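Down below is the structure, laid out as structure tokens.
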Amino acid sequence: MKCLAKIGLAGLFAFGLSQATVNFPFPQNSDCDGNATLLSDKAKAAEDLKKQFAYWMKDMYNEQGDVAGVRSNPGSNEYFSEGVGYGMLLMVYFSDNTTSYQSQFDKIWNFYKKMENEHGLMVWKVTELANKQDKGAALDGDIDAAAALVMAYYQFGDEKYLTEAKTLIQSMKKYEFEESGLHLPGDTWGDAGFNRKNPGYFDPAYMPLFAAVDKDNADFWSSKAYDANMKLYESSSGEVSTGLIDDWTDKNGKSEDDQYSYDASRAPWRNAKAVCWHGDKRALAIDQKIGKWASSKSAGQMSGPIGRSSGNLGSDHNSTFITTIMTSFISDPSYQSKLDEYWAEAVKLGDENYFNQSLKILNGLLVSGNMPNLAAAKKDAPQSSNSVTQSSASVPGSSASAAPTSSAAVDPNVNPNASSNSNPSGFVDPNVPQELPSLDGSYATAVRLQGRSLQVTAVGEARVELFSVTGVKVKTLWKGVAQGALNISLGNVPAGLYVVKATAAGKTLFQKINVR
């Protein structure tokens, strides 16, 4: 019987994985809750993105054994931690019902862990997937990797990602942020890091996520870090009529070189993400200012680096400058045609080098509705203002948000979109009782999911266990002698897909459930 049960569990997992291994398959088709203007032709954008990603996978992704890195350029054996963050995000968002990139995600994350320094942070530069070229970390790679781990939990349903995200988030706080909340460019900058800042390394969209995962430091992430670093963005943007962020500033946001170049190029995307995910008004104001300046420029002429004060364009006509400026156009419906124009220009450029190609895809995912906040998204339905329940808790700078503070919506133990009337997908409807036929009439087993309660009917010696969809045991929910109905609370179980194993009198039932 134990052998049969084991085979049954393996078969259940194999069947489930062959049918659908992810919760939010590409294309996600989000409308950003109406917070942003997105591309007019999302279907065409999804096709273009798949092609761009296929090239990226072929020429940038390099796998060796249980690790994988993102090449700094095709054919190169040089790798940066920022590429790890980009790669992990791409594996989450491009996974669909045909191809899950969870294995590739895990191998990139393994690479991160094997290249950690004594602070638990990946060194910023590596060669040959093995040789650490420096002992210091860089925040831009770490912050994207941490967010990708949180999103991987919601996409793939494995609780280990949430655990590892918490560890990384706490390491970043300890070594890459000041007590005031201001970021440090990395963990080994010494005194220089207290006065030299790179605003584009910080991402306001991630702060509510970090607050929900790292509850002990929730106020630090949702308030201190958010506010201190948004002030850097606002000070830098406020210096110039273009609204462009500087590559490097002092601790007050004062310009160091007056250049919007490759470091600063992540800033519009990070702020636009905060707008899309949380309706962040402070981030919106920055992108609106950039959009107003950029709206007078054609996509064909956009190039960098850009003089922030003068608005003078450089000679690099590539997707870094086209698509990062493009994300500012999500800030106003009047920029719809500009948004479409800039994306079309980026697509026309075709395959590019590592940095340009990576930013093209990341920015394209966002403006096409294919980089939603999975922690607040509703499974199996496109997001809309009518389908996503907003939390009453607010994110700094926003009037309403689906993202959490310490007690808000994206508590990893409570999904904000939970509904007792929801009908989770899967090969078994968990809201319809599934019974085991009894050979002798002495027992019966049934499992029903009702909201966040598991209702199990069993008679005799019984055990109810919870497994991840990858077959890892999460916990034993109940054990003992059952005399009928059991009502088991799932209040402390993180939202996600699971398999329930219910055993009574030697007979076992397996059932897939979606805890919301």
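Order determines the names: the first chain of the structure tokens is A, the second B, and so forth; residues in each chain are numbered 1 upward, and ligands are numbered 1 upward as they are shown.
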Excluding Lys125 (chain A) and residues on its chain fewer than 4 positions from it, collect all residues at most 9 Å away from it, counting only C-alpha atoms, and give them as an NGL selection string.
-> :A and (78-81 or 131-137)
Please return as a PyMOL selection string: the residues of region 63-224 of chain A that backbone DSSP assigns to helix (DSSP H, G or I).
-> chain A and resi 81-94+102-114+139-156+160-176+192-195+199-201+204-213+215-224
Could you name the residues that touch Val70 (chain A) at 6 Å or less, counting only C-alpha atoms, but leaving out those on the same chain fewer than 5 positions away, as a ChimeraX atom specification?
-> /A:60-61,83
Could you pull out all residues of region 258-353 of chain A with a DSSP call of strand (DSSP E) and give them as a list in words?
-> Gln259, Tyr260, Ile306 and Gly307 of chain A
Nearby residues (only C-alpha atoms) at most 12 Å from Asn312 (chain A), same-chain spacing under 5 positions excluded, as a PyMOL selection string = chain A and resi 242+244+258-260+293-294+297+301-307
Serialized selection, all heavy atoms, as a JSON list (two decimals), in the first residue's frame:
```
[["chain", "number", "residue", "atom", "x", "y", "z"],
["A", 242, "THR", "N", 14.45, 68.25, -17.67],
["A", 242, "THR", "CA", 14.19, 66.97, -18.33],
["A", 242, "THR", "C", 13.62, 65.93, -17.37],
["A", 242, "THR", "O", 13.00, 64.95, -17.79],
["A", 242, "THR", "CB", 15.48, 66.39, -18.93],
["A", 242, "THR", "OG1", 16.43, 66.19, -17.87],
["A", 242, "THR", "CG2", 16.08, 67.33, -19.97],
["A", 244, "LEU", "N", 15.34, 63.85, -15.80],
["A", 244, "LEU", "CA", 16.17, 62.65, -15.84],
["A", 244, "LEU", "C", 17.00, 62.49, -14.57],
["A", 244, "LEU", "O", 17.50, 63.46, -14.01],
["A", 244, "LEU", "CB", 17.09, 62.70, -17.07],
["A", 244, "LEU", "CG", 16.38, 62.65, -18.43],
["A", 244, "LEU", "CD1", 17.36, 62.97, -19.55],
["A", 244, "LEU", "CD2", 15.74, 61.28, -18.65],
["A", 258, "ASP", "N", 25.88, 64.90, -14.00],
["A", 258, "ASP", "CA", 24.84, 65.45, -14.88],
["A", 258, "ASP", "C", 24.59, 64.56, -16.10],
["A", 258, "ASP", "O", 24.27, 65.06, -17.17],
["A", 258, "ASP", "CB", 25.20, 66.87, -15.31],
["A", 258, "ASP", "CG", 23.97, 67.64, -15.80],
["A", 258, "ASP", "OD1", 22.89, 67.44, -15.23],
["A", 258, "ASP", "OD2", 24.11, 68.43, -16.76],
["A", 259, "GLN", "N", 24.72, 63.26, -15.95],
["A", 259, "GLN", "CA", 24.53, 62.34, -17.06],
["A", 259, "GLN", "C", 23.43, 61.31, -16.77],
["A", 259, "GLN", "O", 23.41, 60.68, -15.71],
["A", 259, "GLN", "CB", 25.83, 61.58, -17.36],
["A", 259, "GLN", "CG", 26.90, 62.40, -18.03],
["A", 259, "GLN", "CD", 26.59, 62.64, -19.50],
["A", 259, "GLN", "OE1", 26.40, 61.71, -20.27],
["A", 259, "GLN", "NE2", 26.55, 63.90, -19.88],
["A", 260, "TYR", "N", 22.53, 61.17, -17.73],
["A", 260, "TYR", "CA", 21.61, 60.03, -17.72],
["A", 260, "TYR", "C", 22.25, 58.99, -18.63],
["A", 260, "TYR", "O", 22.16, 59.06, -19.84],
["A", 260, "TYR", "CB", 20.23, 60.43, -18.23],
["A", 260, "TYR", "CG", 19.26, 59.26, -18.35],
["A", 260, "TYR", "CD1", 18.54, 58.83, -17.24],
["A", 260, "TYR", "CD2", 19.06, 58.60, -19.56],
["A", 260, "TYR", "CE1", 17.65, 57.77, -17.33],
["A", 260, "TYR", "CE2", 18.17, 57.54, -19.67],
["A", 260, "TYR", "CZ", 17.48, 57.13, -18.56],
["A", 260, "TYR", "OH", 16.61, 56.07, -18.66],
["A", 293, "TRP", "N", 9.17, 65.74, -21.19],
["A", 293, "TRP", "CA", 10.35, 66.13, -21.98],
["A", 293, "TRP", "C", 10.52, 65.21, -23.18],
["A", 293, "TRP", "O", 10.73, 65.68, -24.31],
["A", 293, "TRP", "CB", 11.61, 66.07, -21.10],
["A", 293, "TRP", "CG", 12.87, 66.12, -21.89],
["A", 293, "TRP", "CD1", 13.45, 67.24, -22.44],
["A", 293, "TRP", "CD2", 13.70, 65.02, -22.28],
["A", 293, "TRP", "NE1", 14.58, 66.89, -23.15],
["A", 293, "TRP", "CE2", 14.76, 65.54, -23.05],
["A", 293, "TRP", "CE3", 13.65, 63.65, -22.04],
["A", 293, "TRP", "CZ2", 15.76, 64.72, -23.59],
["A", 293, "TRP", "CZ3", 14.64, 62.83, -22.57],
["A", 293, "TRP", "CH2", 15.67, 63.37, -23.32],
["A", 294, "ALA", "N", 10.41, 63.90, -22.96],
["A", 294, "ALA", "CA", 10.70, 62.93, -24.03],
["A", 294, "ALA", "C", 9.63, 62.91, -25.11],
["A", 294, "ALA", "O", 9.91, 62.50, -26.25],
["A", 294, "ALA", "CB", 10.84, 61.54, -23.43],
["A", 297, "LYS", "N", 10.49, 64.09, -28.52],
["A", 297, "LYS", "CA", 11.57, 63.41, -29.22],
["A", 297, "LYS", "C", 11.02, 62.18, -29.95],
["A", 297, "LYS", "O", 10.25, 61.41, -29.38],
["A", 297, "LYS", "CB", 12.67, 62.95, -28.25],
["A", 297, "LYS", "CG", 13.12, 64.00, -27.23],
["A", 297, "LYS", "CD", 13.84, 65.15, -27.90],
["A", 297, "LYS", "CE", 14.32, 66.15, -26.85],
["A", 297, "LYS", "NZ", 14.93, 67.36, -27.47],
["A", 301, "GLN", "N", 15.28, 59.18, -33.07],
["A", 301, "GLN", "CA", 16.40, 60.03, -32.69],
["A", 301, "GLN", "C", 16.87, 59.79, -31.27],
["A", 301, "GLN", "O", 17.95, 60.24, -30.90],
["A", 301, "GLN", "CB", 16.02, 61.51, -32.85],
["A", 301, "GLN", "CG", 15.06, 62.04, -31.80],
["A", 301, "GLN", "CD", 14.71, 63.50, -31.93],
["A", 301, "GLN", "OE1", 13.55, 63.85, -32.02],
["A", 301, "GLN", "NE2", 15.70, 64.38, -31.95],
["A", 302, "MET", "N", 16.09, 59.07, -30.47],
["A", 302, "MET", "CA", 16.45, 58.89, -29.06],
["A", 302, "MET", "C", 17.74, 58.08, -28.93],
["A", 302, "MET", "O", 17.87, 56.99, -29.46],
["A", 302, "MET", "CB", 15.32, 58.18, -28.30],
["A", 302, "MET", "CG", 15.62, 57.98, -26.81],
["A", 302, "MET", "SD", 16.11, 59.50, -25.94],
["A", 302, "MET", "CE", 14.58, 60.47, -26.05],
["A", 303, "SER", "N", 18.70, 58.64, -28.24],
["A", 303, "SER", "CA", 19.98, 57.98, -28.02],
["A", 303, "SER", "C", 20.63, 58.57, -26.77],
["A", 303, "SER", "O", 20.20, 59.59, -26.25],
["A", 303, "SER", "CB", 20.90, 58.15, -29.23],
["A", 303, "SER", "OG", 21.10, 59.53, -29.52],
["A", 304, "GLY", "N", 21.64, 57.91, -26.29],
["A", 304, "GLY", "CA", 22.29, 58.37, -25.07],
["A", 304, "GLY", "C", 23.79, 58.18, -25.15],
["A", 304, "GLY", "O", 24.31, 57.74, -26.18],
["A", 305, "PRO", "N", 24.50, 58.48, -24.08],
["A", 305, "PRO", "CA", 24.02, 59.09, -22.83],
["A", 305, "PRO", "C", 23.43, 60.49, -23.08],
["A", 305, "PRO", "O", 23.76, 61.15, -24.06],
["A", 305, "PRO", "CB", 25.27, 59.17, -21.96],
["A", 305, "PRO", "CG", 26.20, 58.14, -22.52],
["A", 305, "PRO", "CD", 25.93, 58.14, -23.99],
["A", 306, "ILE", "N", 22.57, 60.91, -22.16],
["A", 306, "ILE", "CA", 21.84, 62.16, -22.34],
["A", 306, "ILE", "C", 22.29, 63.17, -21.29],
["A", 306, "ILE", "O", 22.40, 62.85, -20.10],
["A", 306, "ILE", "CB", 20.32, 61.93, -22.19],
["A", 306, "ILE", "CG1", 19.84, 60.86, -23.19],
["A", 306, "ILE", "CG2", 19.54, 63.23, -22.40],
["A", 306, "ILE", "CD1", 18.41, 60.41, -22.97],
["A", 307, "GLY", "N", 22.58, 64.39, -21.72],
["A", 307, "GLY", "CA", 22.87, 65.46, -20.78],
["A", 307, "GLY", "C", 21.60, 65.85, -20.06],
["A", 307, "GLY", "O", 20.62, 66.25, -20.69]]
```
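With distances restricted to only C-alpha atoms, A:Ser222 is the closest residue to Pro208 (chain A) from A:Lys473, A:Ala375, A:Asn195, A:Ser222.
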Identify, on the basis of only C-alpha atoms, every residue whose closest approach to Tyr161 (chain A) does not exceed 8 Å; exclude the query and any residue fewer than 2 positions from it along the same chain; express the result as a list in words.
-> Leu149, Val150, Ala152, Tyr153, Asp158, Glu159, Thr163, Glu164 and Ala165 of chain A
Show which residues sit within 10 Å of region 183-194 of chain A, as JSON, numbers by chain. Count only C-alpha atoms, and ignore same-chain residues fewer than 2 positions away.
-> {"A": [117, 119, 121, 123, 124, 135, 136, 137, 138, 139, 140, 141, 142, 171, 172, 173, 174, 175, 176, 177, 178, 179, 180, 181, 196, 197, 198, 199, 200, 201, 202, 225, 226, 228, 229, 232, 248, 250, 251]}
Grab the residues selected above and save them as an mmCIF file, in the first residue's frame with C-alpha atoms.
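New file selection.cif:
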```cif
data_model
loop_
_atom_site.group_PDB
_atom_site.id
_atom_site.type_symbol
_atom_site.label_atom_id
_atom_site.label_comp_id
_atom_site.auth_asym_id
_atom_site.auth_seq_id
_atom_site.Cartn_x
_atom_site.Cartn_y
_atom_site.Cartn_z
ATOM 1 C CA ASN A 117 30.673 36.513 -0.024
ATOM 2 C CA HIS A 119 27.779 38.697 3.937
ATOM 3 C CA LEU A 121 25.548 38.558 -1.039
ATOM 4 C CA VAL A 123 30.083 39.239 -5.583
ATOM 5 C CA TRP A 124 29.391 41.662 -8.396
ATOM 6 C CA LYS A 135 34.664 40.367 -2.820
ATOM 7 C CA GLY A 136 32.080 43.149 -2.942
ATOM 8 C CA ALA A 137 28.402 42.962 -3.852
ATOM 9 C CA ALA A 138 26.304 45.428 -5.856
ATOM 10 C CA LEU A 139 22.810 46.354 -4.694
ATOM 11 C CA ASP A 140 21.221 46.455 -8.153
ATOM 12 C CA GLY A 141 21.764 42.726 -8.656
ATOM 13 C CA ASP A 142 20.799 41.810 -5.107
ATOM 14 C CA SER A 171 21.340 40.520 4.412
ATOM 15 C CA MET A 172 20.713 43.513 2.153
ATOM 16 C CA LYS A 173 19.318 45.493 5.057
ATOM 17 C CA LYS A 174 22.318 44.705 7.228
ATOM 18 C CA TYR A 175 25.042 45.373 4.666
ATOM 19 C CA GLU A 176 23.574 47.502 1.854
ATOM 20 C CA PHE A 177 21.348 50.012 3.620
ATOM 21 C CA GLU A 178 22.048 52.681 6.197
ATOM 22 C CA GLU A 179 20.037 52.868 9.398
ATOM 23 C CA SER A 180 18.353 55.945 7.920
ATOM 24 C CA GLY A 181 17.052 53.819 5.049
ATOM 25 C CA ARG A 196 27.965 58.355 -3.018
ATOM 26 C CA LYS A 197 24.622 57.031 -4.203
ATOM 27 C CA ASN A 198 23.299 55.394 -7.351
ATOM 28 C CA PRO A 199 19.548 56.077 -7.364
ATOM 29 C CA GLY A 200 18.935 53.571 -10.177
ATOM 30 C CA TYR A 201 20.020 50.754 -7.866
ATOM 31 C CA PHE A 202 16.949 51.286 -5.677
ATOM 32 C CA ALA A 225 13.955 52.849 2.935
ATOM 33 C CA TYR A 226 11.106 53.856 0.657
ATOM 34 C CA ALA A 228 14.788 58.072 2.000
ATOM 35 C CA ASN A 229 15.506 56.746 -1.463
ATOM 36 C CA LEU A 232 17.050 60.849 -3.796
ATOM 37 C CA TRP A 248 25.528 59.074 -9.355
ATOM 38 C CA ASP A 250 25.638 62.550 -3.200
ATOM 39 C CA LYS A 251 23.545 61.558 -0.189
#
```
Using only C-alpha atoms, which residues sit within 12 Å of Asn62 (chain A) once same-chain residues fewer than 5 positions away are excluded, as JSON, numbers by chain?
-> {"A": [56, 57, 67, 68, 69, 70, 71, 72, 73, 74, 75, 76, 77, 78, 79, 83, 84, 87, 104, 107, 108, 111, 128, 129]}
Give me, as a Markdown table, each residue of region 231-303 of chain A that comes within 10 Å of region 36-48 of chain A, together with its shortest interatomic pair and the distance in Å at one decimal, counting only C-alpha atoms, with rows ordered by chain and rising residue number.
```
| residue | atom | partner | partner_atom | distance |
| --- | --- | --- | --- | --- |
| A:Ala272 | CA | A:Ala36 | CA | 8.4 |
| A:Lys273 | CA | A:Ala36 | CA | 9.5 |
| A:Val275 | CA | A:Ala36 | CA | 6.9 |
| A:Cys276 | CA | A:Ala36 | CA | 5.8 |
| A:Trp277 | CA | A:Ala36 | CA | 9.3 |
| A:Gly279 | CA | A:Ala36 | CA | 8.2 |
| A:Leu284 | CA | A:Ala36 | CA | 9.3 |
```
Please produce an output containing N, CA and C atoms for each residue in the selection, written as a PDB file, in the first residue's frame.
```pdb
ATOM      1  N   ALA A 272       8.344  53.241 -12.947  1.00  0.00           N
ATOM      2  CA  ALA A 272       7.145  52.838 -13.682  1.00  0.00           C
ATOM      3  C   ALA A 272       6.570  51.552 -13.104  1.00  0.00           C
ATOM      4  N   LYS A 273       7.430  50.678 -12.634  1.00  0.00           N
ATOM      5  CA  LYS A 273       6.977  49.442 -12.004  1.00  0.00           C
ATOM      6  C   LYS A 273       6.194  49.744 -10.732  1.00  0.00           C
ATOM      7  N   VAL A 275       4.509  52.392 -10.198  1.00  0.00           N
ATOM      8  CA  VAL A 275       3.221  52.942 -10.648  1.00  0.00           C
ATOM      9  C   VAL A 275       2.285  51.801 -11.030  1.00  0.00           C
ATOM     10  N   CYS A 276       2.777  50.877 -11.849  1.00  0.00           N
ATOM     11  CA  CYS A 276       1.944  49.761 -12.311  1.00  0.00           C
ATOM     12  C   CYS A 276       1.499  48.874 -11.152  1.00  0.00           C
ATOM     13  N   TRP A 277       2.406  48.570 -10.260  1.00  0.00           N
ATOM     14  CA  TRP A 277       2.096  47.617  -9.191  1.00  0.00           C
ATOM     15  C   TRP A 277       1.288  48.222  -8.062  1.00  0.00           C
ATOM     16  N   GLY A 279       0.276  51.934  -7.915  1.00  0.00           N
ATOM     17  CA  GLY A 279      -0.292  53.257  -8.102  1.00  0.00           C
ATOM     18  C   GLY A 279       0.486  54.319  -7.355  1.00  0.00           C
ATOM     19  N   LEU A 284       5.076  58.156  -9.987  1.00  0.00           N
ATOM     20  CA  LEU A 284       4.349  58.654 -11.150  1.00  0.00           C
ATOM     21  C   LEU A 284       4.781  60.063 -11.510  1.00  0.00           C
TER      22      LEU A 284
END
```
